[in-house]
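A.B. asks: Quick one, target38.csv (CSV, C-alpha atoms):
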chain,number,residue,atom,x,y,z
G,14,MET,CA,60.0,235.1,31.7
G,15,VAL,CA,56.3,235.7,32.4
G,16,GLU,CA,54.3,236.6,29.3
G,17,ARG,CA,51.2,238.7,29.8
G,18,MET,CA,48.5,239.1,27.2
G,19,SER,CA,48.1,242.7,26.1
G,20,TRP,CA,44.9,243.9,24.4
G,21,GLU,CA,46.5,247.1,23.3
G,22,ASN,CA,48.5,245.4,20.5
G,23,GLN,CA,45.5,243.5,19.1
G,24,SER,CA,42.5,245.5,18.1
G,25,ASN,CA,40.1,242.5,18.2
G,26,LEU,CA,40.7,241.8,22.0
G,27,LEU,CA,38.7,243.4,24.8
G,28,PRO,CA,40.7,244.9,27.7
G,29,GLY,CA,40.8,243.0,31.0
G,30,ALA,CA,38.5,244.0,33.8
G,31,SER,CA,40.1,245.8,36.7
G,32,LEU,CA,40.2,244.3,40.2
G,33,GLY,CA,38.0,247.1,41.4
G,34,ARG,CA,35.3,246.4,38.9
G,35,ARG,CA,35.4,242.7,39.7
G,36,LEU,CA,35.1,243.3,43.4
G,37,ILE,CA,32.2,245.6,43.0
G,38,ALA,CA,30.5,243.0,40.8
G,39,LEU,CA,31.1,240.4,43.5
G,40,VAL,CA,29.6,242.6,46.2
G,41,ILE,CA,26.5,243.3,44.0
G,42,ASP,CA,26.0,239.6,43.3
G,43,TRP,CA,26.5,238.6,47.0
G,44,THR,CA,24.1,241.4,48.1
G,45,MET,CA,21.4,240.3,45.6
G,46,CYS,CA,21.8,236.7,46.8
G,47,ARG,CA,21.5,237.7,50.5
G,48,LEU,CA,18.2,239.5,49.6
G,49,VAL,CA,16.8,236.5,47.8
G,50,ALA,CA,17.8,234.2,50.7
G,51,ALA,CA,16.1,236.6,53.2
G,52,LEU,CA,13.0,236.5,51.1
G,53,LEU,CA,12.9,232.7,50.9
G,54,SER,CA,13.9,232.1,54.5
G,55,PRO,CA,12.7,230.5,56.8
G,56,ALA,CA,9.7,229.3,54.9
G,57,VAL,CA,11.5,227.7,52.0
G,58,ILE,CA,15.2,227.5,53.2
G,59,PRO,CA,15.8,226.9,56.9
G,60,ASP,CA,19.5,227.8,57.1
G,61,SER,CA,20.1,231.2,55.5
G,62,THR,CA,23.9,231.2,56.0
G,63,PHE,CA,24.6,228.3,53.7
G,64,SER,CA,21.7,229.1,51.4
G,65,ILE,CA,23.3,232.4,50.4
G,66,LEU,CA,26.2,230.5,49.0
G,67,ILE,CA,24.0,228.0,47.1
G,68,ILE,CA,21.9,230.9,45.7
G,69,PHE,CA,25.1,232.7,44.8
G,70,TYR,CA,26.5,229.6,43.0
G,71,LEU,CA,23.2,229.1,41.0
G,72,GLU,CA,22.9,232.8,40.1
G,73,VAL,CA,26.5,233.1,38.9
G,74,CYS,CA,26.4,229.8,37.0
G,75,LEU,CA,23.0,230.4,35.3
G,76,PHE,CA,23.6,234.0,34.4
G,77,THR,CA,27.2,233.4,33.1
G,78,ILE,CA,26.1,230.4,31.0
G,79,ALA,CA,23.1,232.3,29.6
G,80,PHE,CA,24.5,235.8,29.2
G,81,GLY,CA,28.3,235.5,29.6
G,82,SER,CA,28.3,237.3,32.9
G,83,SER,CA,26.6,237.3,36.3
G,84,ALA,CA,24.1,240.0,37.3
G,85,GLY,CA,26.7,242.0,39.1
G,86,GLN,CA,29.1,241.7,36.2
G,87,ARG,CA,26.5,242.8,33.8
G,88,ILE,CA,25.9,245.9,35.9
G,89,MET,CA,29.7,246.6,36.0
G,90,ARG,CA,30.0,245.8,32.2
G,91,ILE,CA,32.2,242.7,32.7
G,92,LYS,CA,32.1,239.6,30.6
G,93,VAL,CA,33.7,236.2,31.2
G,94,LEU,CA,35.5,234.8,28.1
G,95,THR,CA,38.1,232.1,27.4
G,96,TYR,CA,41.8,232.9,27.6
G,97,PRO,CA,43.5,233.9,25.4
G,98,ASP,CA,41.2,233.8,22.4
G,99,GLN,CA,38.2,235.5,24.1
G,100,GLN,CA,35.4,233.1,23.1
G,101,ARG,CA,32.3,232.0,25.0
G,102,VAL,CA,33.1,229.8,28.1
G,103,THR,CA,31.5,226.4,28.1
G,104,ALA,CA,28.9,225.5,30.8
G,105,GLY,CA,31.3,222.9,32.5
G,106,LYS,CA,34.0,225.5,32.8
G,107,VAL,CA,31.6,228.1,34.1
G,108,ALA,CA,30.4,225.6,36.8
G,109,LEU,CA,34.0,224.8,37.8
G,110,ARG,CA,35.0,228.5,37.8
G,111,THR,CA,32.0,229.4,40.0
G,112,LEU,CA,32.8,226.5,42.4
G,113,LEU,CA,36.4,227.8,42.8
G,114,ILE,CA,35.0,231.3,43.4
G,115,CYS,CA,32.7,229.9,46.2
G,116,LEU,CA,35.7,228.2,47.7
G,117,VAL,CA,37.5,231.6,47.8
G,118,PHE,CA,40.1,230.7,45.3
G,119,PRO,CA,40.0,234.2,43.7
G,120,ALA,CA,42.3,235.3,46.5
G,121,ILE,CA,45.1,233.2,45.0
G,122,PHE,CA,46.9,234.6,42.0
G,123,THR,CA,49.4,232.9,39.6
G,124,ASN,CA,52.8,234.3,38.8
G,125,SER,CA,51.3,236.0,35.7
G,126,GLY,CA,48.8,237.9,38.0
G,127,ARG,CA,45.8,235.9,36.9
G,128,PRO,CA,43.3,234.6,39.6
G,129,ILE,CA,43.6,230.8,40.0
G,130,HIS,CA,40.0,230.2,39.2
G,131,ASP,CA,40.6,231.8,35.8
G,132,PHE,CA,43.9,230.0,35.3
G,133,VAL,CA,42.4,226.6,36.0
G,134,THR,CA,39.4,227.1,33.7
G,135,ARG,CA,41.3,229.0,31.0
G,136,SER,CA,39.0,232.0,31.3
G,137,GLN,CA,39.3,235.7,31.9
G,138,THR,CA,37.1,238.7,32.8
G,139,VAL,CA,37.1,241.5,30.3
G,140,ARG,CA,35.6,245.0,30.3
G,141,GLN,CA,32.9,245.6,27.7
G,142,LEU,CA,33.5,248.7,25.7
If you took the structure in this file and wrote it as structure tokens, what would it be?
C.D. replies:
Amino acid sequence: MVERMSWENQSNLLPGASLGRRLIALVIDWTMCRLVAALLSPAVIPDSTFSILIIFYLEVCLFTIAFGSSAGQRIMRIKVLTYPDQQRVTAGKVALRTLLICLVFPAIFTNSGRPIHDFVTRSQTVRQL
């Protein structure tokens, strides 16, 4: 039997972020990184296709380590926390989680419905109230 964590039964837990919120946050982050890459190219970064991914990785890692969420996630009021106790995620797990996102692992889900990048790093995205 698959057991899912429910925030409704425990008043101290934040609710999970919906797939729609997470996708909008991803689009915001990617768009911001495209704009930064366009501003830096070609003078600073010669290949803008791969540079967008590098900028995305750095932006998501740095913002998530510093603030608990990327820029797009902050706009969408999403926070990245540990699973299931909802504590701050360590820098190493943030770096691995972001690498898995860059490798398009969020498209793979576990039997419990969690994205594989969250399952591997024991993290989750929650909606800030």
A.B. asks: So how many Å separate CA of Val73 in chain G and CA of Ala38 in chain G, to one decimal?
C.D. replies: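 Atom-to-atom, CA of Val73 in chain G and CA of Ala38 in chain G are spaced 10.8 Å apart.
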A.B. asks: Do a neighbour search on Gln141 in chain G at 10 Å with only C-alpha atoms, toss out local chain neighbours closer than 4 positions, and write the hits as an MDAnalysis selection string.
C.D. replies: chainID G and resid 27:30 87 89:92
A.B. asks: Could you save those same residues with C-alpha atoms as a CSV table (one decimal), in the coordinates of the input?
C.D. replies:
chain,number,residue,atom,x,y,z
G,27,LEU,CA,38.7,243.4,24.8
G,28,PRO,CA,40.7,244.9,27.7
G,29,GLY,CA,40.8,243.0,31.0
G,30,ALA,CA,38.5,244.0,33.8
G,87,ARG,CA,26.5,242.8,33.8
G,89,MET,CA,29.7,246.6,36.0
G,90,ARG,CA,30.0,245.8,32.2
G,91,ILE,CA,32.2,242.7,32.7
G,92,LYS,CA,32.1,239.6,30.6
A.B. asks: If I take CA of Ser136 in chain G and CA of Gln86 in chain G, how far is one from the other in Å, to one decimal?
C.D. replies: 14.7 Å
A.B. asks: Can you tell me, as a list in words, which residues sit within 6 Å of (22.8, 234.2, 46.5) in the file's frame, using all atoms listed in the file?
C.D. replies: Trp43, Cys46, Arg47, Ile65, Leu66, Ile68 and Phe69 of chain G
A.B. asks: CA of Ile41 in chain G and CA of Gln137 in chain G, how far apart in Å?
C.D. replies: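 Interatomic distance, CA of Gln137 in chain G to CA of Ile41 in chain G: 19.2 Å.
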A.B. asks: List as a PyMOL selection string the residues having at least one atom at most 9 Å from position (41.4, 230.5, 27.9) as given in the file, counting all atoms listed in the file.
C.D. replies: chain G and resi 94-100+102+131-132+134-137
A.B. asks: Using the atoms already present, construct N, CA, C and O atoms for range 33-56 of chain G and hand them back as a PDB file, in the frame of the given file.
C.D. replies:
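File rebuild.pdb, as written:
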ATOM      1  N   GLY G  33      39.064 246.331  40.821  1.00  0.00           N
ATOM      2  CA  GLY G  33      38.000 247.100  41.400  1.00  0.00           C
ATOM      3  C   GLY G  33      36.626 246.806  40.853  1.00  0.00           C
ATOM      4  O   GLY G  33      35.658 246.610  41.592  1.00  0.00           O
ATOM      5  N   ARG G  34      36.545 246.738  39.541  1.00  0.00           N
ATOM      6  CA  ARG G  34      35.300 246.400  38.900  1.00  0.00           C
ATOM      7  C   ARG G  34      34.825 244.989  39.299  1.00  0.00           C
ATOM      8  O   ARG G  34      33.647 244.757  39.534  1.00  0.00           O
ATOM      9  N   ARG G  35      35.765 244.042  39.335  1.00  0.00           N
ATOM     10  CA  ARG G  35      35.400 242.700  39.700  1.00  0.00           C
ATOM     11  C   ARG G  35      34.936 242.571  41.132  1.00  0.00           C
ATOM     12  O   ARG G  35      33.982 241.843  41.429  1.00  0.00           O
ATOM     13  N   LEU G  36      35.566 243.314  42.040  1.00  0.00           N
ATOM     14  CA  LEU G  36      35.100 243.300  43.400  1.00  0.00           C
ATOM     15  C   LEU G  36      33.757 243.915  43.621  1.00  0.00           C
ATOM     16  O   LEU G  36      32.932 243.398  44.377  1.00  0.00           O
ATOM     17  N   ILE G  37      33.491 245.017  42.932  1.00  0.00           N
ATOM     18  CA  ILE G  37      32.200 245.600  43.000  1.00  0.00           C
ATOM     19  C   ILE G  37      31.105 244.694  42.468  1.00  0.00           C
ATOM     20  O   ILE G  37      30.026 244.551  43.050  1.00  0.00           O
ATOM     21  N   ALA G  38      31.405 244.011  41.358  1.00  0.00           N
ATOM     22  CA  ALA G  38      30.500 243.000  40.800  1.00  0.00           C
ATOM     23  C   ALA G  38      30.193 241.909  41.775  1.00  0.00           C
ATOM     24  O   ALA G  38      29.045 241.469  41.929  1.00  0.00           O
ATOM     25  N   LEU G  39      31.225 241.447  42.466  1.00  0.00           N
ATOM     26  CA  LEU G  39      31.100 240.400  43.500  1.00  0.00           C
ATOM     27  C   LEU G  39      30.184 240.855  44.624  1.00  0.00           C
ATOM     28  O   LEU G  39      29.294 240.123  45.070  1.00  0.00           O
ATOM     29  N   VAL G  40      30.386 242.077  45.076  1.00  0.00           N
ATOM     30  CA  VAL G  40      29.600 242.600  46.200  1.00  0.00           C
ATOM     31  C   VAL G  40      28.104 242.752  45.719  1.00  0.00           C
ATOM     32  O   VAL G  40      27.180 242.443  46.479  1.00  0.00           O
ATOM     33  N   ILE G  41      27.878 243.198  44.485  1.00  0.00           N
ATOM     34  CA  ILE G  41      26.500 243.300  44.000  1.00  0.00           C
ATOM     35  C   ILE G  41      25.851 241.924  43.925  1.00  0.00           C
ATOM     36  O   ILE G  41      24.716 241.748  44.383  1.00  0.00           O
ATOM     37  N   ASP G  42      26.561 240.928  43.378  1.00  0.00           N
ATOM     38  CA  ASP G  42      26.000 239.600  43.300  1.00  0.00           C
ATOM     39  C   ASP G  42      25.705 239.022  44.696  1.00  0.00           C
ATOM     40  O   ASP G  42      24.643 238.441  44.923  1.00  0.00           O
ATOM     41  N   TRP G  43      26.642 239.188  45.631  1.00  0.00           N
ATOM     42  CA  TRP G  43      26.500 238.600  47.000  1.00  0.00           C
ATOM     43  C   TRP G  43      25.285 239.331  47.677  1.00  0.00           C
ATOM     44  O   TRP G  43      24.483 238.675  48.347  1.00  0.00           O
ATOM     45  N   THR G  44      25.163 240.642  47.520  1.00  0.00           N
ATOM     46  CA  THR G  44      24.100 241.400  48.100  1.00  0.00           C
ATOM     47  C   THR G  44      22.713 240.931  47.571  1.00  0.00           C
ATOM     48  O   THR G  44      21.746 240.728  48.323  1.00  0.00           O
ATOM     49  N   MET G  45      22.645 240.738  46.257  1.00  0.00           N
ATOM     50  CA  MET G  45      21.400 240.300  45.600  1.00  0.00           C
ATOM     51  C   MET G  45      21.043 238.875  46.175  1.00  0.00           C
ATOM     52  O   MET G  45      19.868 238.605  46.457  1.00  0.00           O
ATOM     53  N   CYS G  46      22.023 238.018  46.331  1.00  0.00           N
ATOM     54  CA  CYS G  46      21.800 236.700  46.800  1.00  0.00           C
ATOM     55  C   CYS G  46      21.339 236.680  48.292  1.00  0.00           C
ATOM     56  O   CYS G  46      20.508 235.872  48.709  1.00  0.00           O
ATOM     57  N   ARG G  47      21.907 237.600  49.072  1.00  0.00           N
ATOM     58  CA  ARG G  47      21.500 237.700  50.500  1.00  0.00           C
ATOM     59  C   ARG G  47      20.006 238.164  50.539  1.00  0.00           C
ATOM     60  O   ARG G  47      19.248 237.682  51.387  1.00  0.00           O
ATOM     61  N   LEU G  48      19.601 239.069  49.656  1.00  0.00           N
ATOM     62  CA  LEU G  48      18.200 239.500  49.600  1.00  0.00           C
ATOM     63  C   LEU G  48      17.267 238.388  49.230  1.00  0.00           C
ATOM     64  O   LEU G  48      16.204 238.212  49.837  1.00  0.00           O
ATOM     65  N   VAL G  49      17.664 237.601  48.233  1.00  0.00           N
ATOM     66  CA  VAL G  49      16.800 236.500  47.800  1.00  0.00           C
ATOM     67  C   VAL G  49      16.737 235.447  48.940  1.00  0.00           C
ATOM     68  O   VAL G  49      15.646 234.932  49.233  1.00  0.00           O
ATOM     69  N   ALA G  50      17.857 235.165  49.607  1.00  0.00           N
ATOM     70  CA  ALA G  50      17.800 234.200  50.700  1.00  0.00           C
ATOM     71  C   ALA G  50      16.952 234.719  51.858  1.00  0.00           C
ATOM     72  O   ALA G  50      16.231 233.939  52.486  1.00  0.00           O
ATOM     73  N   ALA G  51      16.983 236.025  52.112  1.00  0.00           N
ATOM     74  CA  ALA G  51      16.100 236.600  53.200  1.00  0.00           C
ATOM     75  C   ALA G  51      14.665 236.495  52.813  1.00  0.00           C
ATOM     76  O   ALA G  51      13.822 236.268  53.686  1.00  0.00           O
ATOM     77  N   LEU G  52      14.352 236.646  51.535  1.00  0.00           N
ATOM     78  CA  LEU G  52      13.000 236.500  51.100  1.00  0.00           C
ATOM     79  C   LEU G  52      12.460 235.086  51.195  1.00  0.00           C
ATOM     80  O   LEU G  52      11.294 234.844  51.494  1.00  0.00           O
ATOM     81  N   LEU G  53      13.335 234.129  50.910  1.00  0.00           N
ATOM     82  CA  LEU G  53      12.900 232.700  50.900  1.00  0.00           C
ATOM     83  C   LEU G  53      12.974 232.098  52.325  1.00  0.00           C
ATOM     84  O   LEU G  53      12.275 231.139  52.581  1.00  0.00           O
ATOM     85  N   SER G  54      13.785 232.636  53.199  1.00  0.00           N
ATOM     86  CA  SER G  54      13.900 232.100  54.500  1.00  0.00           C
ATOM     87  C   SER G  54      12.852 232.602  55.456  1.00  0.00           C
ATOM     88  O   SER G  54      12.400 233.713  55.275  1.00  0.00           O
ATOM     89  N   PRO G  55      12.454 231.937  56.482  1.00  0.00           N
ATOM     90  CA  PRO G  55      12.700 230.500  56.800  1.00  0.00           C
ATOM     91  C   PRO G  55      11.700 229.584  56.190  1.00  0.00           C
ATOM     92  O   PRO G  55      11.781 228.385  56.360  1.00  0.00           O
ATOM     93  N   ALA G  56      10.737 230.110  55.473  1.00  0.00           N
ATOM     94  CA  ALA G  56       9.700 229.300  54.900  1.00  0.00           C
ATOM     95  C   ALA G  56      10.181 228.236  53.936  1.00  0.00           C
ATOM     96  O   ALA G  56       9.791 227.081  53.985  1.00  0.00           O
TER      97      ALA G  56
END
